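Asks: Structure supplied as coords-v4.tsv; contents: TSV, C-alpha atoms.
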```
chain	number	residue	atom	x	y	z
A	27	MET	CA	-101.15	-3.85	-85.71
A	28	ILE	CA	-101.39	-7.56	-86.34
A	29	LYS	CA	-98.14	-9.35	-87.10
A	30	ALA	CA	-97.55	-13.01	-87.91
A	31	GLU	CA	-94.24	-14.78	-88.30
A	32	GLY	CA	-93.96	-18.33	-89.58
A	33	LEU	CA	-97.65	-18.95	-88.94
A	34	ALA	CA	-98.92	-22.45	-89.67
A	35	GLY	CA	-101.83	-24.53	-88.47
A	36	GLU	CA	-103.69	-27.72	-89.10
A	37	PHE	CA	-105.10	-26.38	-92.39
A	38	ILE	CA	-102.77	-23.43	-93.01
A	39	LYS	CA	-99.68	-25.03	-94.50
A	40	GLY	CA	-96.33	-23.38	-94.93
A	41	ASP	CA	-95.03	-20.38	-93.07
A	42	LEU	CA	-97.32	-17.35	-93.34
A	43	ASP	CA	-95.71	-13.98	-92.63
A	44	PHE	CA	-97.67	-10.72	-92.71
A	45	GLU	CA	-98.10	-7.39	-90.97
A	46	ILE	CA	-101.27	-5.29	-90.89
A	47	LEU	CA	-100.65	-1.73	-89.80
A	48	PRO	CA	-103.31	0.36	-88.01
A	49	GLY	CA	-105.73	2.04	-90.41
A	50	THR	CA	-104.91	-0.28	-93.29
A	51	LYS	CA	-106.98	-2.98	-94.94
A	52	ARG	CA	-105.86	-6.40	-96.12
A	53	VAL	CA	-107.67	-9.08	-98.08
A	54	PHE	CA	-106.79	-12.71	-97.43
A	55	THR	CA	-108.03	-15.45	-99.73
A	56	PHE	CA	-107.82	-19.16	-99.04
A	57	SER	CA	-108.26	-22.35	-101.04
A	58	THR	CA	-110.61	-23.96	-98.53
A	59	GLU	CA	-113.18	-22.96	-95.95
A	60	GLU	CA	-111.13	-24.77	-93.29
A	61	GLU	CA	-108.10	-22.57	-93.99
A	62	ARG	CA	-110.22	-19.41	-93.71
A	63	GLU	CA	-111.87	-20.51	-90.47
A	64	GLU	CA	-108.57	-21.50	-88.90
A	65	PHE	CA	-106.97	-18.20	-89.95
A	66	LEU	CA	-109.76	-16.19	-88.31
A	67	GLU	CA	-109.58	-18.31	-85.16
A	68	ILE	CA	-105.84	-17.78	-84.90
A	69	ILE	CA	-105.82	-14.01	-85.50
A	70	THR	CA	-108.66	-13.48	-83.01
A	71	GLY	CA	-106.97	-15.62	-80.34
A	72	ILE	CA	-109.56	-18.41	-80.34
A	73	LYS	CA	-107.00	-20.96	-81.49
A	74	ARG	CA	-103.24	-21.19	-81.13
A	75	PRO	CA	-101.11	-21.73	-84.22
A	76	LEU	CA	-99.28	-25.04	-84.51
A	77	LYS	CA	-96.17	-23.17	-85.58
A	78	GLY	CA	-95.01	-19.57	-85.53
A	79	SER	CA	-96.33	-16.61	-83.61
A	80	ILE	CA	-98.96	-13.92	-83.83
A	81	SER	CA	-99.13	-10.60	-82.04
A	82	ILE	CA	-102.05	-8.21	-81.94
A	83	MET	CA	-101.16	-4.62	-81.04
A	84	ASP	CA	-97.84	-5.92	-79.70
A	85	ARG	CA	-99.56	-8.45	-77.43
A	86	ARG	CA	-99.51	-12.24	-77.78
A	87	PRO	CA	-103.04	-13.70	-77.33
A	88	GLU	CA	-101.83	-16.84	-75.54
A	89	GLY	CA	-100.42	-14.74	-72.70
A	90	LEU	CA	-103.62	-12.79	-72.02
A	91	SER	CA	-106.37	-13.40	-69.51
A	92	ARG	CA	-109.91	-13.94	-70.80
A	93	GLU	CA	-110.88	-10.36	-69.97
A	94	GLU	CA	-107.77	-8.91	-71.64
A	95	LEU	CA	-108.38	-11.02	-74.75
A	96	LEU	CA	-112.01	-9.87	-74.98
A	97	ALA	CA	-110.93	-6.23	-74.65
A	98	LEU	CA	-108.34	-6.75	-77.39
A	99	ARG	CA	-110.91	-8.35	-79.72
A	100	ARG	CA	-113.15	-5.29	-79.39
A	101	GLN	CA	-110.42	-3.28	-81.12
A	102	ILE	CA	-110.30	-5.54	-84.19
A	103	GLY	CA	-112.66	-5.25	-87.15
A	104	VAL	CA	-113.34	-8.21	-89.43
A	105	VAL	CA	-115.54	-7.93	-92.52
A	106	PHE	CA	-116.67	-11.15	-94.15
A	107	ARG	CA	-116.92	-11.53	-97.91
A	108	GLU	CA	-120.60	-12.47	-97.61
A	109	GLY	CA	-121.31	-9.28	-95.66
A	110	GLY	CA	-122.38	-10.80	-92.37
A	111	LEU	CA	-125.45	-8.59	-91.94
A	112	ILE	CA	-128.57	-9.78	-90.14
A	113	SER	CA	-131.26	-9.81	-92.80
A	114	LYS	CA	-134.16	-9.08	-90.43
A	115	LEU	CA	-132.56	-5.82	-89.29
A	116	ARG	CA	-132.47	-2.51	-91.14
A	117	ALA	CA	-129.07	-1.27	-92.33
A	118	TRP	CA	-128.65	1.25	-89.47
A	119	GLU	CA	-129.58	-1.44	-86.92
A	120	ASN	CA	-126.79	-3.65	-88.26
A	121	LEU	CA	-124.38	-0.72	-87.96
A	122	VAL	CA	-125.16	0.09	-84.32
A	123	LEU	CA	-125.53	-3.52	-83.17
A	124	PRO	CA	-121.85	-3.97	-82.14
A	125	ALA	CA	-121.93	-0.76	-80.08
A	126	LEU	CA	-125.11	-1.84	-78.34
A	127	TYR	CA	-123.70	-5.30	-77.70
A	128	HIS	CA	-120.50	-3.92	-76.18
A	129	GLY	CA	-122.23	-1.50	-73.85
A	130	GLY	CA	-122.61	1.55	-76.05
A	131	ARG	CA	-125.48	3.96	-75.70
A	132	THR	CA	-128.82	3.20	-77.30
A	133	PRO	CA	-129.80	5.32	-80.33
```
Written as structure tokens, that's how I'd like the structure from this file.
Replies:
Amino acid sequence: MIKAEGLAGEFIKGDLDFEILPGTKRVFTFSTEEEREEFLEIITGIKRPLKGSISIMDRRPEGLSREELLALRRQIGVVFREGGLISKLRAWENLVLPALYHGGRTP
């Protein structure tokens, strides 16, 4: 679960409140590229919000060690509107790439 309360940043204005429950999908749209980038940085723990709080699976990213934060990020899936596939790879190679990167078995 990802939960935000009163979230605001340099580009994200106002107080953003939302909750994403496990197994659900949400689509967020933004007016500018800067808002989108900042939103992704905040919900993945790369950047701290200027205002409000965010919790990921009941854990606050700012209170985690680097190793704990990396482990938490492995449990989050983000799909970009543009697809984010590597064009030189076949479809199945794109699918298994995250598992290989994170220490999964080779196909």
Asks: What lies within 8 Å of region 94-99 of chain A using all atoms listed in the file, ignoring chain neighbours under 4 positions off, as a ChimeraX atom specification?
Replies: /A:70-71,82,87,90
Asks: Keeping only C-alpha atoms, take the residues you just selected and write them out as a PDB file, in the frame of the given file.
Replies:
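Saved file again10.pdb follows:
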```
ATOM      1  CA  THR A  70    -108.660 -13.480 -83.010  1.00  0.00           C
ATOM      2  CA  GLY A  71    -106.970 -15.620 -80.340  1.00  0.00           C
ATOM      3  CA  ILE A  82    -102.050  -8.210 -81.940  1.00  0.00           C
ATOM      4  CA  PRO A  87    -103.040 -13.700 -77.330  1.00  0.00           C
ATOM      5  CA  LEU A  90    -103.620 -12.790 -72.020  1.00  0.00           C
TER       6      LEU A  90
END
```
Asks: Given all atoms listed in the file as the basis, pick out the residue of A:Asp84, A:Glu31, A:Glu36, A:Asp41 nearest to Glu61 (chain A).
Replies: A:Glu36
Asks: For the point (-94.9, -21.4, -86.2) in file coordinates, what residues are within 8 Å, counting only C-alpha atoms? Give the answer as an NGL selection string?
Replies: :A and (31-35 or 41 or 75-79)
Asks: For the residues selected in the previous step, produce a file with C-alpha atoms as a PDB file, keeping the file's coordinate frame.
Replies:
```
ATOM      1  CA  GLU A  31     -94.240 -14.780 -88.300  1.00  0.00           C
ATOM      2  CA  GLY A  32     -93.960 -18.330 -89.580  1.00  0.00           C
ATOM      3  CA  LEU A  33     -97.650 -18.950 -88.940  1.00  0.00           C
ATOM      4  CA  ALA A  34     -98.920 -22.450 -89.670  1.00  0.00           C
ATOM      5  CA  GLY A  35    -101.830 -24.530 -88.470  1.00  0.00           C
ATOM      6  CA  ASP A  41     -95.030 -20.380 -93.070  1.00  0.00           C
ATOM      7  CA  PRO A  75    -101.110 -21.730 -84.220  1.00  0.00           C
ATOM      8  CA  LEU A  76     -99.280 -25.040 -84.510  1.00  0.00           C
ATOM      9  CA  LYS A  77     -96.170 -23.170 -85.580  1.00  0.00           C
ATOM     10  CA  GLY A  78     -95.010 -19.570 -85.530  1.00  0.00           C
ATOM     11  CA  SER A  79     -96.330 -16.610 -83.610  1.00  0.00           C
TER      12      SER A  79
END
```
Asks: Which residue out of A:Leu66, A:Leu115, A:Ala125, A:Leu47 has the minimum interatomic distance to Ile28 (chain A) when only C-alpha atoms are used?
Replies: A:Leu47
Asks: Could you check the closest approach to His128 (chain A) for each of A:Glu67, A:Gln101, A:Lys73, A:Gly40 and tell me which residue wins, using all atoms listed in the file?
Replies: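 Of all the options, A:Gln101 lies closest to His128 (chain A).
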Asks: So how far away is CA of Met83 (chain A) from CA of Gly49 (chain A), in Å?
Replies: 12.4 Å
Asks: Between CA of Ile46 (chain A) and CA of Leu123 (chain A), measure the distance and give it in Å to one decimal.
Replies: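 Distance reported for this atom pair: 25.5 Å.
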Asks: Between A:Ile68, A:Glu93, A:Ile102, A:Arg62, which is the closest to Pro48 (chain A) once you count all atoms listed in the file?
Replies: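 Closest to Pro48 (chain A), using all atoms listed in the file: A:Ile102.
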Asks: Looking at A:Leu121, A:Leu111, A:Ile80, A:Ile38, which one is nearest to Ser57 (chain A), with distances taken over only C-alpha atoms?
Replies: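 Among the listed residues, the smallest separation from Ser57 (chain A) belongs to A:Ile38.
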